[in-house]
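*Asks:* One file: final-v5.pdb (PDB, C-alpha atoms).
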ATOM      1  CA  MET A   1      18.979   2.967  -7.556  1.00  0.00           C
ATOM      2  CA  LYS A   2      15.790   4.698  -8.693  1.00  0.00           C
ATOM      3  CA  LEU A   3      12.947   3.059 -10.604  1.00  0.00           C
ATOM      4  CA  GLY A   4      10.136   5.148 -12.060  1.00  0.00           C
ATOM      5  CA  MET A   5       6.486   4.203 -12.193  1.00  0.00           C
ATOM      6  CA  SER A   6       3.524   6.064 -13.696  1.00  0.00           C
ATOM      7  CA  ASN A   7       0.047   4.614 -13.541  1.00  0.00           C
ATOM      8  CA  ALA A   8      -3.445   5.403 -12.289  1.00  0.00           C
ATOM      9  CA  LEU A   9      -3.479   5.812  -8.514  1.00  0.00           C
ATOM     10  CA  ILE A  10      -6.793   7.699  -8.418  1.00  0.00           C
ATOM     11  CA  GLY A  11      -9.885   7.507 -10.577  1.00  0.00           C
ATOM     12  CA  PRO A  12     -11.894   4.682 -12.165  1.00  0.00           C
ATOM     13  CA  THR A  13      -8.877   2.600 -13.276  1.00  0.00           C
ATOM     14  CA  SER A  14      -6.862   3.056 -10.092  1.00  0.00           C
ATOM     15  CA  ASP A  15      -7.354  -0.449  -8.649  1.00  0.00           C
ATOM     16  CA  LEU A  16      -4.763  -1.977 -10.957  1.00  0.00           C
ATOM     17  CA  GLY A  17      -2.237   0.832 -10.475  1.00  0.00           C
ATOM     18  CA  ILE A  18      -2.613   0.715  -6.696  1.00  0.00           C
ATOM     19  CA  GLU A  19      -2.172  -3.066  -6.562  1.00  0.00           C
ATOM     20  CA  LEU A  20       0.860  -2.988  -8.867  1.00  0.00           C
ATOM     21  CA  SER A  21       2.378  -0.278  -6.671  1.00  0.00           C
ATOM     22  CA  LYS A  22       1.708  -2.268  -3.504  1.00  0.00           C
ATOM     23  CA  GLY A  23       3.302  -5.364  -4.996  1.00  0.00           C
ATOM     24  CA  ALA A  24       6.386  -3.497  -6.178  1.00  0.00           C
ATOM     25  CA  ASN A  25       6.839  -1.721  -2.850  1.00  0.00           C
ATOM     26  CA  THR A  26       6.440  -4.964  -0.920  1.00  0.00           C
ATOM     27  CA  TYR A  27       9.010  -6.735  -3.076  1.00  0.00           C
ATOM     28  CA  PHE A  28      11.594  -3.950  -3.169  1.00  0.00           C
ATOM     29  CA  ASN A  29      11.231  -3.201   0.569  1.00  0.00           C
ATOM     30  CA  ARG A  30      12.075  -6.851   1.210  1.00  0.00           C
ATOM     31  CA  MET A  31      15.024  -6.682  -1.158  1.00  0.00           C
ATOM     32  CA  ASN A  32      16.255  -3.534   0.575  1.00  0.00           C
ATOM     33  CA  LYS A  33      16.184  -5.339   3.955  1.00  0.00           C
ATOM     34  CA  PHE A  34      18.755  -7.713   2.466  1.00  0.00           C
ATOM     35  CA  GLY A  35      20.951  -5.019   0.969  1.00  0.00           C
ATOM     36  CA  GLY A  36      19.119  -4.224  -2.269  1.00  0.00           C
ATOM     37  CA  ILE A  37      20.826  -5.127  -5.529  1.00  0.00           C
ATOM     38  CA  HIS A  38      24.617  -5.318  -5.266  1.00  0.00           C
ATOM     39  CA  ASN A  39      24.382  -3.324  -2.020  1.00  0.00           C
ATOM     40  CA  ARG A  40      22.366  -0.556  -3.689  1.00  0.00           C
ATOM     41  CA  LEU A  41      18.959   0.186  -2.210  1.00  0.00           C
ATOM     42  CA  ILE A  42      15.998   0.470  -4.559  1.00  0.00           C
ATOM     43  CA  THR A  43      13.851   3.596  -4.482  1.00  0.00           C
ATOM     44  CA  ILE A  44      10.547   3.696  -6.331  1.00  0.00           C
ATOM     45  CA  ILE A  45       9.322   7.027  -7.597  1.00  0.00           C
ATOM     46  CA  SER A  46       5.593   6.546  -8.128  1.00  0.00           C
ATOM     47  CA  LEU A  47       3.545   9.143 -10.014  1.00  0.00           C
ATOM     48  CA  ASP A  48      -0.183   9.188 -10.716  1.00  0.00           C
ATOM     49  CA  ASP A  49      -1.271   9.614 -14.326  1.00  0.00           C
ATOM     50  CA  GLY A  50      -4.984   8.886 -13.844  1.00  0.00           C
ATOM     51  CA  TYR A  51      -4.763   6.749 -17.016  1.00  0.00           C
ATOM     52  CA  GLU A  52      -4.477   9.970 -19.030  1.00  0.00           C
ATOM     53  CA  PRO A  53      -1.823   9.875 -21.787  1.00  0.00           C
ATOM     54  CA  LYS A  54      -0.898  13.566 -21.420  1.00  0.00           C
ATOM     55  CA  ASN A  55      -0.179  12.967 -17.717  1.00  0.00           C
ATOM     56  CA  THR A  56       1.861   9.873 -18.566  1.00  0.00           C
ATOM     57  CA  VAL A  57       3.993  11.928 -20.959  1.00  0.00           C
ATOM     58  CA  ARG A  58       4.582  14.586 -18.282  1.00  0.00           C
ATOM     59  CA  ASN A  59       5.374  11.949 -15.635  1.00  0.00           C
ATOM     60  CA  THR A  60       7.732  10.038 -17.911  1.00  0.00           C
ATOM     61  CA  LYS A  61       9.709  13.178 -18.758  1.00  0.00           C
ATOM     62  CA  ASN A  62       9.872  13.985 -15.044  1.00  0.00           C
ATOM     63  CA  LEU A  63      11.118  10.484 -14.185  1.00  0.00           C
ATOM     64  CA  ILE A  64      13.780  10.540 -16.886  1.00  0.00           C
ATOM     65  CA  GLU A  65      14.968  13.952 -15.636  1.00  0.00           C
ATOM     66  CA  GLN A  66      15.342  12.319 -12.213  1.00  0.00           C
ATOM     67  CA  GLU A  67      17.663   9.784 -13.881  1.00  0.00           C
ATOM     68  CA  VAL A  68      15.718   6.640 -13.080  1.00  0.00           C
ATOM     69  CA  LEU A  69      17.416   3.388 -13.998  1.00  0.00           C
ATOM     70  CA  ALA A  70      14.216   2.088 -15.601  1.00  0.00           C
ATOM     71  CA  LEU A  71      10.503   2.733 -16.036  1.00  0.00           C
ATOM     72  CA  PHE A  72       8.132  -0.020 -14.922  1.00  0.00           C
ATOM     73  CA  ASN A  73       4.587  -0.884 -13.818  1.00  0.00           C
ATOM     74  CA  TYR A  74       3.021   1.380 -16.414  1.00  0.00           C
ATOM     75  CA  VAL A  75      -0.573   0.435 -17.227  1.00  0.00           C
ATOM     76  CA  GLY A  76      -2.397   0.770 -20.509  1.00  0.00           C
ATOM     77  CA  THR A  77      -2.191   0.861 -24.259  1.00  0.00           C
ATOM     78  CA  PRO A  78      -3.014   4.572 -24.731  1.00  0.00           C
ATOM     79  CA  THR A  79      -0.536   5.663 -22.068  1.00  0.00           C
ATOM     80  CA  SER A  80       2.219   3.452 -23.491  1.00  0.00           C
ATOM     81  CA  HIS A  81       1.503   4.708 -26.995  1.00  0.00           C
ATOM     82  CA  ALA A  82       1.796   8.322 -25.827  1.00  0.00           C
ATOM     83  CA  ILE A  83       5.307   7.789 -24.433  1.00  0.00           C
ATOM     84  CA  LEU A  84       6.659   5.652 -27.279  1.00  0.00           C
ATOM     85  CA  PRO A  85       8.577   8.563 -28.870  1.00  0.00           C
ATOM     86  CA  ILE A  86      10.153   9.335 -25.469  1.00  0.00           C
ATOM     87  CA  LEU A  87      11.163   5.694 -25.016  1.00  0.00           C
ATOM     88  CA  THR A  88      12.673   5.584 -28.496  1.00  0.00           C
ATOM     89  CA  LYS A  89      14.662   8.775 -27.973  1.00  0.00           C
ATOM     90  CA  SER A  90      15.809   8.199 -24.383  1.00  0.00           C
ATOM     91  CA  GLN A  91      16.437   4.438 -24.584  1.00  0.00           C
ATOM     92  CA  VAL A  92      15.540   4.191 -20.874  1.00  0.00           C
ATOM     93  CA  PRO A  93      14.460   0.594 -20.189  1.00  0.00           C
ATOM     94  CA  TYR A  94      10.668   0.140 -20.174  1.00  0.00           C
ATOM     95  CA  LEU A  95       9.992  -2.939 -18.092  1.00  0.00           C
ATOM     96  CA  MET A  96       6.867  -5.065 -18.212  1.00  0.00           C
ATOM     97  CA  PRO A  97       4.172  -2.567 -19.183  1.00  0.00           C
ATOM     98  CA  PHE A  98       0.674  -3.885 -18.488  1.00  0.00           C
ATOM     99  CA  THR A  99      -0.533  -3.930 -22.084  1.00  0.00           C
ATOM    100  CA  GLY A 100      -0.614  -6.405 -24.927  1.00  0.00           C
ATOM    101  CA  ALA A 101      -0.117  -3.719 -27.576  1.00  0.00           C
ATOM    102  CA  ASP A 102       1.679  -4.819 -30.723  1.00  0.00           C
ATOM    103  CA  PHE A 103       3.477  -1.482 -31.188  1.00  0.00           C
ATOM    104  CA  LEU A 104       5.631  -2.365 -28.151  1.00  0.00           C
ATOM    105  CA  ARG A 105       6.672  -5.616 -29.845  1.00  0.00           C
ATOM    106  CA  LYS A 106       7.116  -4.739 -33.521  1.00  0.00           C
ATOM    107  CA  PRO A 107       9.562  -3.546 -34.478  1.00  0.00           C
ATOM    108  CA  THR A 108      11.678  -5.030 -31.719  1.00  0.00           C
ATOM    109  CA  SER A 109      13.258  -2.457 -29.429  1.00  0.00           C
ATOM    110  CA  ASN A 110      16.324  -2.973 -27.250  1.00  0.00           C
ATOM    111  CA  ASN A 111      14.833  -1.074 -24.312  1.00  0.00           C
ATOM    112  CA  ILE A 112      11.274  -2.461 -24.153  1.00  0.00           C
ATOM    113  CA  PHE A 113      10.757  -5.663 -22.184  1.00  0.00           C
ATOM    114  CA  ASN A 114       7.269  -7.195 -22.291  1.00  0.00           C
ATOM    115  CA  LEU A 115       6.068  -9.771 -19.808  1.00  0.00           C
ATOM    116  CA  ARG A 116       2.414  -9.986 -20.762  1.00  0.00           C
ATOM    117  CA  ALA A 117       1.385 -11.827 -23.915  1.00  0.00           C
ATOM    118  CA  SER A 118       0.336  -9.698 -26.867  1.00  0.00           C
ATOM    119  CA  TYR A 119      -3.359  -9.141 -27.534  1.00  0.00           C
ATOM    120  CA  TYR A 120      -2.942 -11.330 -30.632  1.00  0.00           C
ATOM    121  CA  GLN A 121      -1.380 -14.146 -28.567  1.00  0.00           C
ATOM    122  CA  GLU A 122      -4.138 -13.896 -25.954  1.00  0.00           C
ATOM    123  CA  MET A 123      -6.880 -14.004 -28.595  1.00  0.00           C
ATOM    124  CA  LYS A 124      -5.254 -16.917 -30.428  1.00  0.00           C
ATOM    125  CA  SER A 125      -4.977 -18.889 -27.198  1.00  0.00           C
ATOM    126  CA  GLN A 126      -8.636 -18.244 -26.332  1.00  0.00           C
ATOM    127  CA  ILE A 127      -9.832 -19.280 -29.793  1.00  0.00           C
ATOM    128  CA  ASP A 128      -7.621 -22.397 -29.756  1.00  0.00           C
ATOM    129  CA  TYR A 129      -9.073 -23.314 -26.355  1.00  0.00           C
ATOM    130  CA  LEU A 130     -12.670 -22.848 -27.492  1.00  0.00           C
ATOM    131  CA  ILE A 131     -12.199 -24.827 -30.711  1.00  0.00           C
ATOM    132  CA  ASN A 132      -9.722 -27.523 -29.664  1.00  0.00           C
ATOM    133  CA  ILE A 133     -10.569 -28.103 -25.996  1.00  0.00           C
ATOM    134  CA  GLN A 134     -14.203 -27.063 -25.644  1.00  0.00           C
ATOM    135  CA  ASN A 135     -15.094 -28.234 -29.180  1.00  0.00           C
ATOM    136  CA  VAL A 136     -17.165 -25.116 -29.876  1.00  0.00           C
ATOM    137  CA  LYS A 137     -18.637 -25.300 -33.371  1.00  0.00           C
ATOM    138  CA  LYS A 138     -19.905 -22.469 -35.542  1.00  0.00           C
ATOM    139  CA  ASN A 139     -23.576 -23.339 -34.962  1.00  0.00           C
ATOM    140  CA  CYS A 140     -23.051 -23.175 -31.184  1.00  0.00           C
ATOM    141  CA  LEU A 141     -22.387 -19.466 -31.482  1.00  0.00           C
ATOM    142  CA  SER A 142     -25.689 -18.561 -33.157  1.00  0.00           C
ATOM    143  CA  ASP A 143     -28.485 -17.022 -31.126  1.00  0.00           C
ATOM    144  CA  SER A 144     -31.206 -19.595 -30.415  1.00  0.00           C
ATOM    145  CA  SER A 145     -33.812 -17.108 -29.150  1.00  0.00           C
TER     146      SER A 145
END
Show me this structure written as structure tokens.
*Replies:*
Amino acid sequence: MKLGMSNALIGPTSDLGIELSKGANTYFNRMNKFGGIHNRLITIISLDDGYEPKNTVRNTKNLIEQEVLALFNYVGTPTSHAILPILTKSQVPYLMPFTGADFLRKPTSNNIFNLRASYYQEMKSQIDYLINIQNVKKNCLSDSS
């Protein structure tokens, strides 16, 4: 069972991609020690896109040609936006991309599964916290210098 991953493994945004890759490999290696999923071992095909949308498009096409079961651990709004037409056409599952982009939520798609809250949900939660828990008032936000 092959899973495909494209994210930054080199360059200025590589820390997140590297850590996501480490976590996935650790988890799936453990699962494989116990027989995988329904006695099928999990293989991760990990490709570097350097957080460049054109590379993400190339990698995604490559992964789909390799007949991956799903795409996962992708990082970023611009990279996800670049592959949206490919996701729509292929209907390959796109699991838990690391972005809060609304275009992956509306309209609802049968093959896109978000784990992270949307940017709107994150912002609303932060504002609610500041106003309702911290009691921040409008005059507290003005510059006193």
*Asks:* Extract, using only C-alpha atoms, all DNA, RNA and protein residues at most 10 Å from Ser90 of chain A, discarding same-chain residues fewer than 5 positions from it, and format them as a list in words.
*Replies:*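 My reading of the contact set: Lys61, Ile64, Leu84, Pro85 and Asn111 of chain A.
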*Asks:* What's the separation between atom CA of Thr13 of chain A and atom CA of Pro97 of chain A, in Å to one decimal place?
*Replies:*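 Going from atom CA of Thr13 of chain A over to atom CA of Pro97 of chain A, I get 15.2 Å.
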*Asks:* Got a sec: who's within 12 Å of Thr26 of chain A, counting all atoms listed in the file, leaving out chain neighbours fewer than 5 positions off, as a list in words?
*Replies:*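 Within the cut-off, the hits are Glu19, Leu20, Ser21, Met31, Asn32, Lys33, Ile42, Thr43 and Ile44 of chain A.
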*Asks:* Just want the 12 Å neighbourhood of segment 121-124 of chain A, counted on all atoms listed in the file, with same-chain residues fewer than 4 positions away dropped. Output as a PDB file with C-alpha atoms, in the coordinates of the input.
*Replies:*
ATOM      1  CA  THR A  99      -0.533  -3.930 -22.084  1.00  0.00           C
ATOM      2  CA  GLY A 100      -0.614  -6.405 -24.927  1.00  0.00           C
ATOM      3  CA  ALA A 101      -0.117  -3.719 -27.576  1.00  0.00           C
ATOM      4  CA  ASP A 102       1.679  -4.819 -30.723  1.00  0.00           C
ATOM      5  CA  ARG A 105       6.672  -5.616 -29.845  1.00  0.00           C
ATOM      6  CA  ARG A 116       2.414  -9.986 -20.762  1.00  0.00           C
ATOM      7  CA  ALA A 117       1.385 -11.827 -23.915  1.00  0.00           C
ATOM      8  CA  ASP A 128      -7.621 -22.397 -29.756  1.00  0.00           C
ATOM      9  CA  TYR A 129      -9.073 -23.314 -26.355  1.00  0.00           C
ATOM     10  CA  LEU A 130     -12.670 -22.848 -27.492  1.00  0.00           C
ATOM     11  CA  ILE A 131     -12.199 -24.827 -30.711  1.00  0.00           C
ATOM     12  CA  ASN A 132      -9.722 -27.523 -29.664  1.00  0.00           C
TER      13      ASN A 132
END
*Asks:* Rounded to one decimal place, report the atom CA of Pro78 of chain A-atom CA of Asp49 of chain A distance in Å.
*Replies:*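 Here the two named atoms are 11.7 Å from each other.
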*Asks:* Would you translate the PyMOL selection byres ((chain A and resi 77) around 12) into the concrete set of residues it matches in this file, as a PyMOL selection string?
*Replies:* chain A and resi 7+51-53+56+74-76+78-84+97-104+118-119
*Asks:* Which is closest to Leu63 of chain A among A:Ile133, A:Met5, A:Met96, A:Ile127, if we use all atoms listed in the file?
*Replies:*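 Result for the nearest residue to Leu63 of chain A: A:Met5.
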*Asks:* Just give me the gap between atom CA of Asn114 of chain A and atom CA of Gln134 of chain A in Å, one decimal is fine.
*Replies:*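 For atom CA of Asn114 of chain A relative to atom CA of Gln134 of chain A, the distance reads 29.4 Å.
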*Asks:* Which residue out of A:Pro93, A:Asn39, A:Glu67, A:Phe72 has the minimum interatomic distance to Gly17 of chain A when only C-alpha atoms are used?
*Replies:*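 Comparing A:Pro93, A:Asn39, A:Glu67, A:Phe72 against Gly17 of chain A, the winner is A:Phe72.
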*Asks:* Which is closer to Val92 of chain A than all the others in A:Leu41, A:Leu16, A:Leu3, A:Val57, using only C-alpha atoms?
*Replies:*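 Among the listed residues, the smallest separation from Val92 of chain A belongs to A:Leu3.
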*Asks:* Extract, using only C-alpha atoms, all DNA, RNA and protein residues at most 10 Å from Thr60 of chain A, discarding same-chain residues fewer than 5 positions from it, and format them as a PyMOL selection string.
*Replies:* chain A and resi 4-6+47+49+54-55+65-66+68+71+74+83+86-87
*Asks:* For a quick check of understanding, using all atoms listed in the file, which of A:Ala24, A:Ile112, A:Ile18, A:Met1 has the smallest distance to Thr88 of chain A?
*Replies:*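 With all atoms listed in the file as the atom set, the closest residue is A:Ile112.
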*Asks:* For Gly50 of chain A, which residue out of A:Leu9, A:Lys2, A:Thr108, A:Gln126 is the nearest one, using all atoms listed in the file?
*Replies:*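 Nearest candidate to Gly50 of chain A out of A:Leu9, A:Lys2, A:Thr108, A:Gln126: A:Leu9.
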*Asks:* Taking all atoms of segment 2-18 of chain A that the file lists and extending 6 Å past them on each side, where is the centre of the axis-aligned box and how long are its edges? Answer in Å to one decimal, as JSON.
*Replies:*
{"center_x": 1.9, "center_y": 2.9, "center_z": -10.2, "size_x": 39.7, "size_y": 21.7, "size_z": 19.0}
*Asks:* As an mmCIF file, in the coordinates of the input, could you write out segment 83-114 of chain A once it has been completed with N, CA and C atoms?
*Replies:*
data_model
loop_
_atom_site.group_PDB
_atom_site.id
_atom_site.type_symbol
_atom_site.label_atom_id
_atom_site.label_comp_id
_atom_site.auth_asym_id
_atom_site.auth_seq_id
_atom_site.Cartn_x
_atom_site.Cartn_y
_atom_site.Cartn_z
ATOM 1 N N ILE A 83 3.898 7.604 -24.805
ATOM 2 C CA ILE A 83 5.307 7.789 -24.433
ATOM 3 C C ILE A 83 6.277 7.075 -25.362
ATOM 4 N N LEU A 84 5.775 6.397 -26.370
ATOM 5 C CA LEU A 84 6.659 5.652 -27.279
ATOM 6 C C LEU A 84 7.764 6.522 -27.872
ATOM 7 N N PRO A 85 7.479 7.730 -28.348
ATOM 8 C CA PRO A 85 8.577 8.563 -28.870
ATOM 9 C C PRO A 85 9.638 8.885 -27.801
ATOM 10 N N ILE A 86 9.211 9.060 -26.561
ATOM 11 C CA ILE A 86 10.153 9.335 -25.469
ATOM 12 C C ILE A 86 11.024 8.114 -25.211
ATOM 13 N N LEU A 87 10.408 6.933 -25.226
ATOM 14 C CA LEU A 87 11.163 5.694 -25.016
ATOM 15 C C LEU A 87 12.191 5.486 -26.121
ATOM 16 N N THR A 88 11.778 5.759 -27.346
ATOM 17 C CA THR A 88 12.673 5.584 -28.496
ATOM 18 C C THR A 88 13.861 6.535 -28.399
ATOM 19 N N LYS A 89 13.592 7.774 -28.047
ATOM 20 C CA LYS A 89 14.662 8.775 -27.973
ATOM 21 C C LYS A 89 15.582 8.549 -26.776
ATOM 22 N N SER A 90 15.017 8.293 -25.616
ATOM 23 C CA SER A 90 15.809 8.199 -24.383
ATOM 24 C C SER A 90 16.534 6.869 -24.223
ATOM 25 N N GLN A 91 15.933 5.806 -24.747
ATOM 26 C CA GLN A 91 16.437 4.438 -24.584
ATOM 27 C C GLN A 91 16.458 3.977 -23.127
ATOM 28 N N VAL A 92 15.694 4.652 -22.248
ATOM 29 C CA VAL A 92 15.540 4.191 -20.874
ATOM 30 C C VAL A 92 14.762 2.875 -20.922
ATOM 31 N N PRO A 93 15.194 1.861 -20.184
ATOM 32 C CA PRO A 93 14.460 0.594 -20.189
ATOM 33 C C PRO A 93 13.012 0.767 -19.730
ATOM 34 N N TYR A 94 12.106 0.131 -20.462
ATOM 35 C CA TYR A 94 10.668 0.140 -20.174
ATOM 36 C C TYR A 94 10.298 -1.299 -19.851
ATOM 37 N N LEU A 95 10.123 -1.567 -18.560
ATOM 38 C CA LEU A 95 9.992 -2.939 -18.092
ATOM 39 C C LEU A 95 8.545 -3.325 -17.832
ATOM 40 N N MET A 96 8.124 -4.379 -18.454
ATOM 41 C CA MET A 96 6.867 -5.065 -18.212
ATOM 42 C C MET A 96 5.639 -4.166 -18.151
ATOM 43 N N PRO A 97 5.400 -3.366 -19.177
ATOM 44 C CA PRO A 97 4.172 -2.567 -19.183
ATOM 45 C C PRO A 97 2.954 -3.484 -19.223
ATOM 46 N N PHE A 98 1.896 -3.074 -18.539
ATOM 47 C CA PHE A 98 0.674 -3.885 -18.488
ATOM 48 C C PHE A 98 -0.192 -3.548 -19.696
ATOM 49 N N THR A 99 0.200 -4.089 -20.837
ATOM 50 C CA THR A 99 -0.533 -3.930 -22.084
ATOM 51 C C THR A 99 -0.081 -5.031 -23.035
ATOM 52 N N GLY A 100 -0.960 -5.408 -23.916
ATOM 53 C CA GLY A 100 -0.614 -6.405 -24.927
ATOM 54 C C GLY A 100 -0.415 -5.769 -26.293
ATOM 55 N N ALA A 101 -0.200 -4.466 -26.320
ATOM 56 C CA ALA A 101 -0.117 -3.719 -27.576
ATOM 57 C C ALA A 101 1.032 -4.187 -28.465
ATOM 58 N N ASP A 102 0.703 -4.357 -29.735
ATOM 59 C CA ASP A 102 1.679 -4.819 -30.723
ATOM 60 C C ASP A 102 2.773 -3.796 -30.996
ATOM 61 N N PHE A 103 2.469 -2.499 -30.885
ATOM 62 C CA PHE A 103 3.477 -1.482 -31.188
ATOM 63 C C PHE A 103 4.653 -1.511 -30.210
ATOM 64 N N LEU A 104 4.512 -2.202 -29.077
ATOM 65 C CA LEU A 104 5.631 -2.365 -28.151
ATOM 66 C C LEU A 104 6.445 -3.625 -28.464
ATOM 67 N N ARG A 105 6.010 -4.365 -29.473
ATOM 68 C CA ARG A 105 6.672 -5.616 -29.845
ATOM 69 C C ARG A 105 7.283 -5.567 -31.237
ATOM 70 N N LYS A 106 6.664 -4.816 -32.123
ATOM 71 C CA LYS A 106 7.116 -4.739 -33.521
ATOM 72 C C LYS A 106 7.175 -3.284 -33.938
ATOM 73 N N PRO A 107 8.302 -2.822 -34.397
ATOM 74 C CA PRO A 107 9.562 -3.546 -34.478
ATOM 75 C C PRO A 107 10.162 -3.760 -33.086
ATOM 76 N N THR A 108 11.028 -4.723 -32.986
ATOM 77 C CA THR A 108 11.678 -5.030 -31.719
ATOM 78 C C THR A 108 12.534 -3.848 -31.284
ATOM 79 N N SER A 109 12.479 -3.553 -29.998
ATOM 80 C CA SER A 109 13.258 -2.457 -29.429
ATOM 81 C C SER A 109 14.155 -3.001 -28.325
ATOM 82 N N ASN A 110 15.366 -2.487 -28.241
ATOM 83 C CA ASN A 110 16.324 -2.973 -27.250
ATOM 84 C C ASN A 110 16.009 -2.532 -25.825
ATOM 85 N N ASN A 111 15.105 -1.570 -25.658
ATOM 86 C CA ASN A 111 14.833 -1.074 -24.312
ATOM 87 C C ASN A 111 13.411 -1.367 -23.814
ATOM 88 N N ILE A 112 12.635 -2.122 -24.570
ATOM 89 C CA ILE A 112 11.274 -2.461 -24.153
ATOM 90 C C ILE A 112 11.211 -3.952 -23.859
ATOM 91 N N PHE A 113 10.799 -4.281 -22.635
ATOM 92 C CA PHE A 113 10.757 -5.663 -22.184
ATOM 93 C C PHE A 113 9.333 -6.006 -21.750
ATOM 94 N N ASN A 114 8.656 -6.804 -22.564
ATOM 95 C CA ASN A 114 7.269 -7.195 -22.291
ATOM 96 C C ASN A 114 7.231 -8.483 -21.489
#
